[in-house]
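Everything below belongs to upload_0.txt, which stores compact mmCIF, N, CA and C atoms.
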```txt
# COMPACT_ATOMS: atom_id res chain seq x y z
N MET A 1 21.68 37.41 10.23
CA MET A 1 20.29 36.99 10.10
C MET A 1 19.91 36.83 8.63
N ARG A 2 20.42 37.71 7.79
CA ARG A 2 20.11 37.67 6.37
C ARG A 2 20.59 36.37 5.73
N LYS A 3 21.78 35.92 6.13
CA LYS A 3 22.31 34.68 5.57
C LYS A 3 21.42 33.49 5.96
N PHE A 4 20.94 33.48 7.20
CA PHE A 4 20.06 32.41 7.65
C PHE A 4 18.78 32.39 6.83
N LEU A 5 18.18 33.55 6.63
CA LEU A 5 16.93 33.61 5.87
C LEU A 5 17.15 33.18 4.43
N ALA A 6 18.29 33.51 3.86
CA ALA A 6 18.58 33.11 2.48
C ALA A 6 18.73 31.59 2.39
N ALA A 7 19.26 30.97 3.43
CA ALA A 7 19.45 29.52 3.43
C ALA A 7 18.19 28.77 3.86
N PHE A 8 17.21 29.47 4.43
CA PHE A 8 16.01 28.83 4.96
C PHE A 8 15.28 27.95 3.94
N PRO A 9 15.05 28.39 2.68
CA PRO A 9 14.37 27.52 1.72
C PRO A 9 15.13 26.22 1.46
N VAL A 10 16.46 26.28 1.45
CA VAL A 10 17.25 25.08 1.22
C VAL A 10 17.09 24.13 2.41
N LEU A 11 17.10 24.67 3.63
CA LEU A 11 16.91 23.84 4.81
C LEU A 11 15.53 23.19 4.80
N MET A 12 14.52 23.92 4.41
CA MET A 12 13.16 23.37 4.34
C MET A 12 13.08 22.25 3.31
N LEU A 13 13.77 22.41 2.17
CA LEU A 13 13.78 21.39 1.14
C LEU A 13 14.42 20.11 1.67
N LEU A 14 15.52 20.25 2.40
CA LEU A 14 16.19 19.07 2.94
C LEU A 14 15.35 18.36 3.99
N ALA A 15 14.54 19.11 4.73
CA ALA A 15 13.72 18.52 5.78
C ALA A 15 12.37 18.05 5.29
N SER A 16 12.03 18.34 4.05
CA SER A 16 10.70 18.01 3.54
C SER A 16 10.60 16.52 3.20
N PRO A 17 9.36 16.01 3.06
CA PRO A 17 9.17 14.60 2.71
C PRO A 17 9.83 14.24 1.39
N GLN A 18 9.97 15.19 0.47
CA GLN A 18 10.59 14.89 -0.80
C GLN A 18 12.05 14.47 -0.64
N ALA A 19 12.68 14.87 0.47
CA ALA A 19 14.06 14.48 0.72
C ALA A 19 14.16 12.96 0.89
N HIS A 20 13.07 12.29 1.25
CA HIS A 20 13.05 10.85 1.46
C HIS A 20 12.33 10.14 0.33
N ALA A 21 12.21 10.79 -0.82
CA ALA A 21 11.39 10.26 -1.91
C ALA A 21 11.93 8.92 -2.42
N ILE A 22 11.00 8.10 -2.86
CA ILE A 22 11.32 6.82 -3.51
C ILE A 22 10.55 6.81 -4.82
N THR A 23 11.15 6.29 -5.84
CA THR A 23 10.47 6.26 -7.13
C THR A 23 9.52 5.07 -7.21
N GLN A 24 8.60 5.16 -8.15
CA GLN A 24 7.66 4.06 -8.38
C GLN A 24 8.41 2.79 -8.75
N ALA A 25 9.41 2.92 -9.61
CA ALA A 25 10.19 1.74 -10.04
C ALA A 25 10.91 1.10 -8.85
N GLU A 26 11.47 1.90 -7.96
CA GLU A 26 12.15 1.36 -6.77
C GLU A 26 11.15 0.64 -5.87
N ALA A 27 9.97 1.24 -5.68
CA ALA A 27 8.95 0.63 -4.83
C ALA A 27 8.50 -0.72 -5.41
N GLU A 28 8.30 -0.77 -6.71
CA GLU A 28 7.89 -2.02 -7.36
C GLU A 28 8.96 -3.09 -7.23
N LYS A 29 10.23 -2.69 -7.31
CA LYS A 29 11.34 -3.64 -7.17
C LYS A 29 11.40 -4.18 -5.74
N ILE A 30 11.21 -3.33 -4.75
CA ILE A 30 11.20 -3.76 -3.35
C ILE A 30 10.10 -4.80 -3.14
N ALA A 31 8.91 -4.53 -3.65
CA ALA A 31 7.79 -5.48 -3.51
C ALA A 31 8.10 -6.79 -4.22
N ALA A 32 8.61 -6.72 -5.44
CA ALA A 32 8.90 -7.94 -6.20
C ALA A 32 9.98 -8.77 -5.51
N ASN A 33 11.02 -8.12 -4.98
CA ASN A 33 12.08 -8.84 -4.30
C ASN A 33 11.56 -9.53 -3.04
N TYR A 34 10.69 -8.84 -2.31
CA TYR A 34 10.11 -9.45 -1.11
C TYR A 34 9.28 -10.69 -1.48
N LEU A 35 8.40 -10.56 -2.46
CA LEU A 35 7.56 -11.69 -2.85
C LEU A 35 8.39 -12.86 -3.36
N ALA A 36 9.47 -12.56 -4.08
CA ALA A 36 10.35 -13.62 -4.59
C ALA A 36 11.09 -14.32 -3.45
N SER A 37 11.26 -13.64 -2.31
CA SER A 37 11.99 -14.23 -1.19
C SER A 37 11.12 -15.13 -0.32
N LEU A 38 9.81 -15.12 -0.52
CA LEU A 38 8.93 -15.95 0.30
C LEU A 38 9.15 -17.43 -0.01
N PRO A 39 9.06 -18.28 1.01
CA PRO A 39 9.28 -19.71 0.76
C PRO A 39 8.19 -20.28 -0.14
N PRO A 40 8.52 -21.35 -0.86
CA PRO A 40 7.50 -21.97 -1.72
C PRO A 40 6.28 -22.38 -0.91
N ALA A 41 5.12 -22.20 -1.52
CA ALA A 41 3.87 -22.53 -0.85
C ALA A 41 2.88 -23.05 -1.89
N GLU A 42 1.67 -23.34 -1.45
CA GLU A 42 0.64 -23.82 -2.37
C GLU A 42 0.07 -22.69 -3.21
N VAL A 43 0.45 -21.47 -2.90
CA VAL A 43 0.03 -20.32 -3.69
C VAL A 43 1.26 -19.63 -4.26
N SER A 44 1.06 -18.89 -5.33
CA SER A 44 2.11 -18.01 -5.82
C SER A 44 1.66 -16.58 -5.53
N TYR A 45 2.60 -15.67 -5.55
CA TYR A 45 2.32 -14.29 -5.20
C TYR A 45 2.64 -13.39 -6.38
N ASP A 46 1.82 -12.35 -6.54
CA ASP A 46 2.04 -11.39 -7.62
C ASP A 46 1.70 -10.00 -7.11
N ALA A 47 2.61 -9.06 -7.27
CA ALA A 47 2.35 -7.67 -6.89
C ALA A 47 1.53 -7.05 -8.02
N ILE A 48 0.27 -6.71 -7.73
CA ILE A 48 -0.65 -6.20 -8.74
C ILE A 48 -0.51 -4.68 -8.90
N LYS A 49 -0.56 -3.96 -7.79
CA LYS A 49 -0.48 -2.50 -7.84
C LYS A 49 0.34 -2.03 -6.65
N THR A 50 1.19 -1.03 -6.89
CA THR A 50 2.05 -0.47 -5.85
C THR A 50 1.81 1.03 -5.80
N VAL A 51 1.54 1.54 -4.60
CA VAL A 51 1.37 2.98 -4.40
C VAL A 51 2.29 3.44 -3.26
N ILE A 52 2.64 4.70 -3.29
CA ILE A 52 3.58 5.27 -2.33
C ILE A 52 2.92 6.47 -1.66
N GLY A 53 3.05 6.56 -0.34
CA GLY A 53 2.52 7.71 0.39
C GLY A 53 2.81 7.60 1.87
N ASP A 54 2.70 8.71 2.54
CA ASP A 54 2.97 8.76 3.98
C ASP A 54 1.71 8.34 4.74
N LEU A 55 1.77 7.19 5.39
CA LEU A 55 0.61 6.67 6.12
C LEU A 55 0.60 7.08 7.59
N ASP A 56 1.76 7.38 8.15
CA ASP A 56 1.82 7.64 9.59
C ASP A 56 2.23 9.06 9.96
N GLY A 57 2.34 9.94 8.96
CA GLY A 57 2.61 11.34 9.22
C GLY A 57 4.03 11.66 9.65
N ASP A 58 4.97 10.72 9.45
CA ASP A 58 6.35 10.98 9.85
C ASP A 58 7.19 11.65 8.77
N GLY A 59 6.58 11.94 7.63
CA GLY A 59 7.30 12.59 6.55
C GLY A 59 8.02 11.64 5.62
N LYS A 60 8.04 10.35 5.95
CA LYS A 60 8.67 9.34 5.09
C LYS A 60 7.57 8.53 4.41
N PRO A 61 7.72 8.28 3.13
CA PRO A 61 6.67 7.50 2.45
C PRO A 61 6.74 6.02 2.78
N GLU A 62 5.57 5.42 2.89
CA GLU A 62 5.45 3.98 2.99
C GLU A 62 5.10 3.45 1.60
N ILE A 63 5.35 2.17 1.40
CA ILE A 63 4.98 1.50 0.15
C ILE A 63 3.81 0.57 0.46
N VAL A 64 2.75 0.67 -0.33
CA VAL A 64 1.56 -0.16 -0.16
C VAL A 64 1.38 -0.97 -1.44
N VAL A 65 1.22 -2.28 -1.26
CA VAL A 65 1.13 -3.18 -2.42
C VAL A 65 -0.13 -4.03 -2.34
N GLN A 66 -0.86 -4.07 -3.44
CA GLN A 66 -1.94 -5.04 -3.58
C GLN A 66 -1.29 -6.31 -4.09
N THR A 67 -1.30 -7.34 -3.27
CA THR A 67 -0.67 -8.62 -3.62
C THR A 67 -1.76 -9.64 -3.90
N ALA A 68 -1.61 -10.35 -5.01
CA ALA A 68 -2.52 -11.44 -5.34
C ALA A 68 -1.91 -12.75 -4.86
N LEU A 69 -2.71 -13.54 -4.15
CA LEU A 69 -2.32 -14.90 -3.78
C LEU A 69 -3.05 -15.81 -4.75
N LEU A 70 -2.29 -16.50 -5.58
CA LEU A 70 -2.87 -17.28 -6.66
C LEU A 70 -2.74 -18.77 -6.37
N GLY A 71 -3.89 -19.41 -6.12
CA GLY A 71 -3.92 -20.84 -5.87
C GLY A 71 -4.30 -21.59 -7.12
N PRO A 72 -4.40 -22.91 -7.05
CA PRO A 72 -4.72 -23.70 -8.24
C PRO A 72 -6.11 -23.41 -8.79
N THR A 73 -7.07 -23.08 -7.93
CA THR A 73 -8.44 -22.83 -8.40
C THR A 73 -9.05 -21.58 -7.77
N TYR A 74 -8.24 -20.73 -7.17
CA TYR A 74 -8.76 -19.55 -6.50
C TYR A 74 -7.70 -18.47 -6.45
N TRP A 75 -8.14 -17.28 -6.08
CA TRP A 75 -7.21 -16.19 -5.80
C TRP A 75 -7.81 -15.34 -4.70
N SER A 76 -6.95 -14.62 -4.03
CA SER A 76 -7.40 -13.60 -3.08
C SER A 76 -6.36 -12.49 -3.09
N TYR A 77 -6.75 -11.37 -2.49
CA TYR A 77 -5.85 -10.22 -2.45
C TYR A 77 -5.51 -9.87 -1.01
N GLN A 78 -4.33 -9.34 -0.83
CA GLN A 78 -3.95 -8.79 0.46
C GLN A 78 -3.24 -7.46 0.24
N LEU A 79 -3.16 -6.70 1.31
CA LEU A 79 -2.51 -5.40 1.30
C LEU A 79 -1.22 -5.55 2.09
N ASP A 80 -0.08 -5.32 1.46
CA ASP A 80 1.21 -5.40 2.13
C ASP A 80 1.79 -4.01 2.28
N VAL A 81 2.33 -3.71 3.47
CA VAL A 81 2.92 -2.41 3.75
C VAL A 81 4.41 -2.59 4.01
N PHE A 82 5.20 -1.72 3.38
CA PHE A 82 6.65 -1.70 3.55
C PHE A 82 7.04 -0.36 4.13
N VAL A 83 7.91 -0.40 5.15
CA VAL A 83 8.30 0.80 5.89
C VAL A 83 9.82 0.90 5.90
N ASP A 84 10.33 2.13 5.79
CA ASP A 84 11.76 2.39 5.92
C ASP A 84 12.03 2.82 7.36
N ARG A 85 12.70 1.98 8.10
CA ARG A 85 13.04 2.29 9.49
C ARG A 85 14.50 2.68 9.62
N GLY A 86 15.06 3.26 8.55
CA GLY A 86 16.44 3.73 8.59
C GLY A 86 17.44 2.79 7.95
N LYS A 87 17.04 1.58 7.63
CA LYS A 87 17.95 0.60 7.02
C LYS A 87 17.39 0.12 5.69
N GLY A 88 16.58 0.92 5.06
CA GLY A 88 15.92 0.52 3.82
C GLY A 88 14.54 -0.04 4.12
N TYR A 89 13.78 -0.24 3.07
CA TYR A 89 12.40 -0.70 3.22
C TYR A 89 12.34 -2.18 3.56
N ALA A 90 11.43 -2.51 4.47
CA ALA A 90 11.19 -3.89 4.86
C ALA A 90 9.69 -4.10 5.02
N HIS A 91 9.25 -5.33 4.79
CA HIS A 91 7.84 -5.67 4.97
C HIS A 91 7.48 -5.47 6.43
N ALA A 92 6.37 -4.76 6.68
CA ALA A 92 6.01 -4.42 8.06
C ALA A 92 4.62 -4.89 8.47
N GLY A 93 3.76 -5.24 7.52
CA GLY A 93 2.43 -5.67 7.90
C GLY A 93 1.58 -6.06 6.70
N THR A 94 0.50 -6.79 6.99
CA THR A 94 -0.41 -7.29 5.96
C THR A 94 -1.84 -7.16 6.44
N GLY A 95 -2.73 -6.87 5.50
CA GLY A 95 -4.16 -6.85 5.78
C GLY A 95 -4.90 -7.53 4.63
N GLU A 96 -6.07 -8.04 4.93
CA GLU A 96 -6.86 -8.73 3.92
C GLU A 96 -7.69 -7.73 3.12
N LEU A 97 -7.75 -7.93 1.81
CA LEU A 97 -8.59 -7.10 0.94
C LEU A 97 -9.81 -7.90 0.53
N TRP A 98 -10.90 -7.18 0.31
CA TRP A 98 -12.18 -7.83 -0.01
C TRP A 98 -12.60 -7.56 -1.44
N GLY A 99 -13.24 -8.55 -2.05
CA GLY A 99 -13.85 -8.38 -3.36
C GLY A 99 -12.84 -8.34 -4.49
N ASP A 100 -13.33 -7.87 -5.63
CA ASP A 100 -12.52 -7.71 -6.83
C ASP A 100 -11.97 -6.29 -6.82
N VAL A 101 -10.73 -6.14 -6.39
CA VAL A 101 -10.13 -4.81 -6.20
C VAL A 101 -9.99 -4.11 -7.55
N GLN A 102 -10.52 -2.90 -7.61
CA GLN A 102 -10.47 -2.08 -8.81
C GLN A 102 -9.35 -1.05 -8.76
N SER A 103 -9.12 -0.47 -7.56
CA SER A 103 -8.07 0.55 -7.44
C SER A 103 -7.63 0.69 -5.99
N ILE A 104 -6.41 1.17 -5.83
CA ILE A 104 -5.84 1.47 -4.51
C ILE A 104 -5.17 2.83 -4.61
N ALA A 105 -5.39 3.66 -3.60
CA ALA A 105 -4.76 4.97 -3.54
C ALA A 105 -4.48 5.32 -2.08
N ILE A 106 -3.62 6.29 -1.87
CA ILE A 106 -3.38 6.81 -0.52
C ILE A 106 -3.90 8.23 -0.51
N ASP A 107 -4.78 8.52 0.46
CA ASP A 107 -5.39 9.83 0.58
C ASP A 107 -5.43 10.23 2.05
N LYS A 108 -4.73 11.31 2.37
CA LYS A 108 -4.71 11.83 3.75
C LYS A 108 -4.33 10.77 4.77
N GLY A 109 -3.29 10.00 4.47
CA GLY A 109 -2.80 9.00 5.40
C GLY A 109 -3.60 7.72 5.47
N MET A 110 -4.59 7.58 4.62
CA MET A 110 -5.42 6.36 4.59
C MET A 110 -5.22 5.66 3.25
N VAL A 111 -5.29 4.33 3.29
CA VAL A 111 -5.30 3.55 2.05
C VAL A 111 -6.76 3.41 1.66
N VAL A 112 -7.09 3.84 0.45
CA VAL A 112 -8.46 3.80 -0.05
C VAL A 112 -8.52 2.73 -1.15
N VAL A 113 -9.36 1.73 -0.92
CA VAL A 113 -9.48 0.61 -1.85
C VAL A 113 -10.90 0.57 -2.39
N LYS A 114 -11.02 0.61 -3.70
CA LYS A 114 -12.32 0.48 -4.35
C LYS A 114 -12.42 -0.93 -4.91
N SER A 115 -13.48 -1.62 -4.52
CA SER A 115 -13.69 -3.02 -4.92
C SER A 115 -15.09 -3.21 -5.46
N LYS A 116 -15.26 -4.30 -6.16
CA LYS A 116 -16.60 -4.74 -6.57
C LYS A 116 -16.92 -6.01 -5.80
N MET A 117 -18.12 -6.00 -5.22
CA MET A 117 -18.60 -7.13 -4.43
C MET A 117 -19.82 -7.72 -5.13
N PRO A 118 -20.14 -8.99 -4.85
CA PRO A 118 -21.32 -9.58 -5.49
C PRO A 118 -22.62 -8.96 -4.95
N ALA A 119 -23.46 -8.54 -5.85
CA ALA A 119 -24.82 -8.09 -5.51
C ALA A 119 -25.70 -9.34 -5.44
N PRO A 120 -26.89 -9.24 -4.85
CA PRO A 120 -27.73 -10.43 -4.66
C PRO A 120 -27.97 -11.29 -5.91
N ASN A 121 -28.13 -10.69 -7.07
CA ASN A 121 -28.44 -11.48 -8.27
C ASN A 121 -27.27 -11.60 -9.25
N ASP A 122 -26.08 -11.27 -8.81
CA ASP A 122 -24.90 -11.35 -9.68
C ASP A 122 -24.47 -12.80 -9.88
N PRO A 123 -24.06 -13.15 -11.10
CA PRO A 123 -23.41 -14.45 -11.27
C PRO A 123 -22.05 -14.42 -10.54
N ARG A 124 -21.55 -15.54 -10.18
CA ARG A 124 -20.31 -15.64 -9.42
C ARG A 124 -19.14 -14.92 -10.09
N CYS A 125 -19.14 -14.93 -11.40
CA CYS A 125 -18.02 -14.35 -12.14
C CYS A 125 -17.96 -12.84 -12.11
N CYS A 126 -19.09 -12.21 -11.89
CA CYS A 126 -19.18 -10.81 -12.28
C CYS A 126 -19.81 -9.91 -11.21
N PRO A 127 -19.07 -9.57 -10.17
CA PRO A 127 -19.64 -8.71 -9.14
C PRO A 127 -19.89 -7.29 -9.68
N THR A 128 -20.96 -6.66 -9.20
CA THR A 128 -21.31 -5.33 -9.70
C THR A 128 -21.46 -4.27 -8.60
N LEU A 129 -21.51 -4.68 -7.36
CA LEU A 129 -21.73 -3.75 -6.26
C LEU A 129 -20.42 -3.05 -5.90
N GLU A 130 -20.38 -1.73 -6.12
CA GLU A 130 -19.16 -0.98 -5.84
C GLU A 130 -19.08 -0.64 -4.35
N LYS A 131 -17.92 -0.89 -3.77
CA LYS A 131 -17.72 -0.65 -2.34
C LYS A 131 -16.34 -0.03 -2.15
N THR A 132 -16.25 0.92 -1.22
CA THR A 132 -14.98 1.55 -0.90
C THR A 132 -14.60 1.19 0.53
N TYR A 133 -13.37 0.71 0.70
CA TYR A 133 -12.82 0.38 2.01
C TYR A 133 -11.68 1.35 2.32
N ARG A 134 -11.55 1.70 3.58
CA ARG A 134 -10.45 2.57 4.03
C ARG A 134 -9.67 1.83 5.09
N TYR A 135 -8.35 1.91 4.96
CA TYR A 135 -7.46 1.24 5.90
C TYR A 135 -6.48 2.26 6.47
N ALA A 136 -6.19 2.10 7.76
CA ALA A 136 -5.21 2.94 8.43
C ALA A 136 -4.01 2.07 8.78
N TRP A 137 -2.86 2.71 8.90
CA TRP A 137 -1.64 2.05 9.34
C TRP A 137 -1.38 2.53 10.77
N LYS A 138 -1.68 1.68 11.75
CA LYS A 138 -1.58 2.07 13.16
C LYS A 138 -0.81 1.02 13.93
N GLY A 139 0.21 1.45 14.64
CA GLY A 139 0.97 0.54 15.48
C GLY A 139 1.55 -0.66 14.75
N GLY A 140 1.94 -0.45 13.49
CA GLY A 140 2.50 -1.54 12.71
C GLY A 140 1.48 -2.53 12.20
N LYS A 141 0.20 -2.13 12.16
CA LYS A 141 -0.84 -3.03 11.67
C LYS A 141 -1.74 -2.30 10.67
N VAL A 142 -2.25 -3.08 9.72
CA VAL A 142 -3.25 -2.58 8.79
C VAL A 142 -4.60 -2.76 9.47
N ILE A 143 -5.31 -1.64 9.67
CA ILE A 143 -6.60 -1.67 10.36
C ILE A 143 -7.67 -1.11 9.43
N GLU A 144 -8.74 -1.87 9.24
CA GLU A 144 -9.85 -1.36 8.43
C GLU A 144 -10.58 -0.28 9.23
N ALA A 145 -10.70 0.90 8.64
CA ALA A 145 -11.40 2.02 9.29
C ALA A 145 -12.90 1.85 9.07
N LYS A 146 -13.66 2.03 10.10
CA LYS A 146 -15.12 1.88 10.02
C LYS A 146 -15.77 3.19 9.67
```
Using structure tokens, write down the structure from this file.
Amino acid sequence: MRKFLAAFPVLMLLASPQAHAITQAEAEKIAANYLASLPPAEVSYDAIKTVIGDLDGDGKPEIVVQTALLGPTYWSYQLDVFVDRGKGYAHAGTGELWGDVQSIAIDKGMVVVKSKMPAPNDPRCCPTLEKTYRYAWKGGKVIEAK
């Protein structure tokens, strides 16, 4: 029994989420490689911000990317999620982001996005209304939490 208890911390370390850790640089490379693999379109894609965290409680981190879609006279943002299903990370879902995204974080299994939206008297260039959106990863889909 003593030998088992002595080995218990090592077993816990191997079973912990850190055993499946991915570095920020690896996550950014996965996102960049995916965007580079997309077929040519009228927009170009740019990974703006990449965050790592467990969205579904399985102990494995997901990769969440704020992707900019850049057109000739416009841009928009989307949220891309990458999941490791045992064969490495692969793109698993996309959701639309609103406004001028200021930050993205993962908190308690939710993606928290802080954006600026246009207030009634704002010029088009310069939104000032701060808004926070929360997204969940459920059933392989990005769902905006109400």
For Trp75 (chain A), list every protein, DNA or RNA residue within 12 Å, evaluated using only C-alpha atoms, and leave out those in the same chain fewer than 2 positions away; present the list as a PDB file with N, CA and C atoms, in the frame of the given file.
```
ATOM      1  N   GLU A  42       1.670 -23.340  -1.450  1.00  0.00           N
ATOM      2  CA  GLU A  42       0.640 -23.820  -2.370  1.00  0.00           C
ATOM      3  C   GLU A  42       0.070 -22.690  -3.210  1.00  0.00           C
ATOM      4  N   VAL A  43       0.450 -21.470  -2.900  1.00  0.00           N
ATOM      5  CA  VAL A  43       0.030 -20.320  -3.690  1.00  0.00           C
ATOM      6  C   VAL A  43       1.260 -19.630  -4.260  1.00  0.00           C
ATOM      7  N   SER A  44       1.060 -18.890  -5.330  1.00  0.00           N
ATOM      8  CA  SER A  44       2.110 -18.010  -5.820  1.00  0.00           C
ATOM      9  C   SER A  44       1.660 -16.580  -5.530  1.00  0.00           C
ATOM     10  N   TYR A  45       2.600 -15.670  -5.550  1.00  0.00           N
ATOM     11  CA  TYR A  45       2.320 -14.290  -5.200  1.00  0.00           C
ATOM     12  C   TYR A  45       2.640 -13.390  -6.380  1.00  0.00           C
ATOM     13  N   ASP A  46       1.820 -12.350  -6.540  1.00  0.00           N
ATOM     14  CA  ASP A  46       2.040 -11.390  -7.620  1.00  0.00           C
ATOM     15  C   ASP A  46       1.700 -10.000  -7.110  1.00  0.00           C
ATOM     16  N   THR A  67      -1.300  -7.340  -3.270  1.00  0.00           N
ATOM     17  CA  THR A  67      -0.670  -8.620  -3.620  1.00  0.00           C
ATOM     18  C   THR A  67      -1.760  -9.640  -3.900  1.00  0.00           C
ATOM     19  N   ALA A  68      -1.610 -10.350  -5.010  1.00  0.00           N
ATOM     20  CA  ALA A  68      -2.520 -11.440  -5.340  1.00  0.00           C
ATOM     21  C   ALA A  68      -1.910 -12.750  -4.860  1.00  0.00           C
ATOM     22  N   LEU A  69      -2.710 -13.540  -4.150  1.00  0.00           N
ATOM     23  CA  LEU A  69      -2.320 -14.900  -3.780  1.00  0.00           C
ATOM     24  C   LEU A  69      -3.050 -15.810  -4.750  1.00  0.00           C
ATOM     25  N   LEU A  70      -2.290 -16.500  -5.580  1.00  0.00           N
ATOM     26  CA  LEU A  70      -2.870 -17.280  -6.660  1.00  0.00           C
ATOM     27  C   LEU A  70      -2.740 -18.770  -6.370  1.00  0.00           C
ATOM     28  N   GLY A  71      -3.890 -19.410  -6.120  1.00  0.00           N
ATOM     29  CA  GLY A  71      -3.920 -20.840  -5.870  1.00  0.00           C
ATOM     30  C   GLY A  71      -4.300 -21.590  -7.120  1.00  0.00           C
ATOM     31  N   PRO A  72      -4.400 -22.910  -7.050  1.00  0.00           N
ATOM     32  CA  PRO A  72      -4.720 -23.700  -8.240  1.00  0.00           C
ATOM     33  C   PRO A  72      -6.110 -23.410  -8.790  1.00  0.00           C
ATOM     34  N   THR A  73      -7.070 -23.080  -7.930  1.00  0.00           N
ATOM     35  CA  THR A  73      -8.440 -22.830  -8.400  1.00  0.00           C
ATOM     36  C   THR A  73      -9.050 -21.580  -7.770  1.00  0.00           C
ATOM     37  N   TYR A  77      -6.750 -11.370  -2.490  1.00  0.00           N
ATOM     38  CA  TYR A  77      -5.850 -10.220  -2.450  1.00  0.00           C
ATOM     39  C   TYR A  77      -5.510  -9.870  -1.010  1.00  0.00           C
ATOM     40  N   GLN A  78      -4.330  -9.340  -0.830  1.00  0.00           N
ATOM     41  CA  GLN A  78      -3.950  -8.790   0.460  1.00  0.00           C
ATOM     42  C   GLN A  78      -3.240  -7.460   0.240  1.00  0.00           C
ATOM     43  N   LEU A  97      -7.750  -7.930   1.810  1.00  0.00           N
ATOM     44  CA  LEU A  97      -8.590  -7.100   0.940  1.00  0.00           C
ATOM     45  C   LEU A  97      -9.810  -7.900   0.530  1.00  0.00           C
ATOM     46  N   TRP A  98     -10.900  -7.180   0.310  1.00  0.00           N
ATOM     47  CA  TRP A  98     -12.180  -7.830  -0.010  1.00  0.00           C
ATOM     48  C   TRP A  98     -12.600  -7.560  -1.440  1.00  0.00           C
ATOM     49  N   GLY A  99     -13.240  -8.550  -2.050  1.00  0.00           N
ATOM     50  CA  GLY A  99     -13.850  -8.380  -3.360  1.00  0.00           C
ATOM     51  C   GLY A  99     -12.840  -8.340  -4.490  1.00  0.00           C
ATOM     52  N   ASP A 100     -13.330  -7.870  -5.630  1.00  0.00           N
ATOM     53  CA  ASP A 100     -12.520  -7.710  -6.830  1.00  0.00           C
ATOM     54  C   ASP A 100     -11.970  -6.290  -6.820  1.00  0.00           C
ATOM     55  N   VAL A 101     -10.730  -6.140  -6.390  1.00  0.00           N
ATOM     56  CA  VAL A 101     -10.130  -4.810  -6.200  1.00  0.00           C
ATOM     57  C   VAL A 101      -9.990  -4.110  -7.550  1.00  0.00           C
TER      58      VAL A 101
END
```
Would you list the contacts of Thr128 (chain A) as number ranges by chain, taking every protein, DNA or RNA residue within 7 Å and counting all atoms listed in the file, but skipping same-chain residues closer than 5 positions in sequence? A: 116-119, 122
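The residue that comes closest to Leu38 (chain A), out of A:Gly139, A:Leu129, A:His91, A:Arg85 and on the basis of only C-alpha atoms, is A:His91.
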So, with only C-alpha atoms as the atoms that count, which of A:Ala145, A:Ala21, A:Ala27, A:Leu55 lies closest to Lys108 (chain A)? A:Leu55
Using all atoms listed in the file, which residue out of A:Val142, A:Ala136, A:Ala25, A:Ala47 lies closest to Val112 (chain A)? A:Ala136
Based on DSSP run over this structure's backbone, return all residues of chain A in strand (DSSP E), as a ChimeraX atom specification. /A:44-53,62-70,75-84,89-96,100-107,110-117,129-138,141-145
Quick one: distance from atom N of Asp54 (chain A) to atom C of Gln24 (chain A) in Å, one decimal? 14.0 Å
Using all atoms listed in the file, can you tell me which of A:Phe82, A:Tyr89, A:Tyr135, A:Tyr34 comes closest to Val65 (chain A)? A:Phe82
Atom-to-atom span, atom N of Arg124 (chain A) and CA of Gly95 (chain A), Å: 25.2 Å
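Here CA of Val51 (chain A) stands at a distance of 24.8 Å from CA of Tyr74 (chain A).
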For each of A:Leu79, A:Ile52, A:Cys125, A:Ala31, take the minimum atom-to-atom distance to Glu96 (chain A), counting only C-alpha atoms, then give the residue where this is smallest. A:Leu79
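Closest approach to Asp107 (chain A) among A:Ser37, A:Lys146, A:Ile22, A:Gly53 is made by A:Gly53 (distances from all atoms listed in the file).
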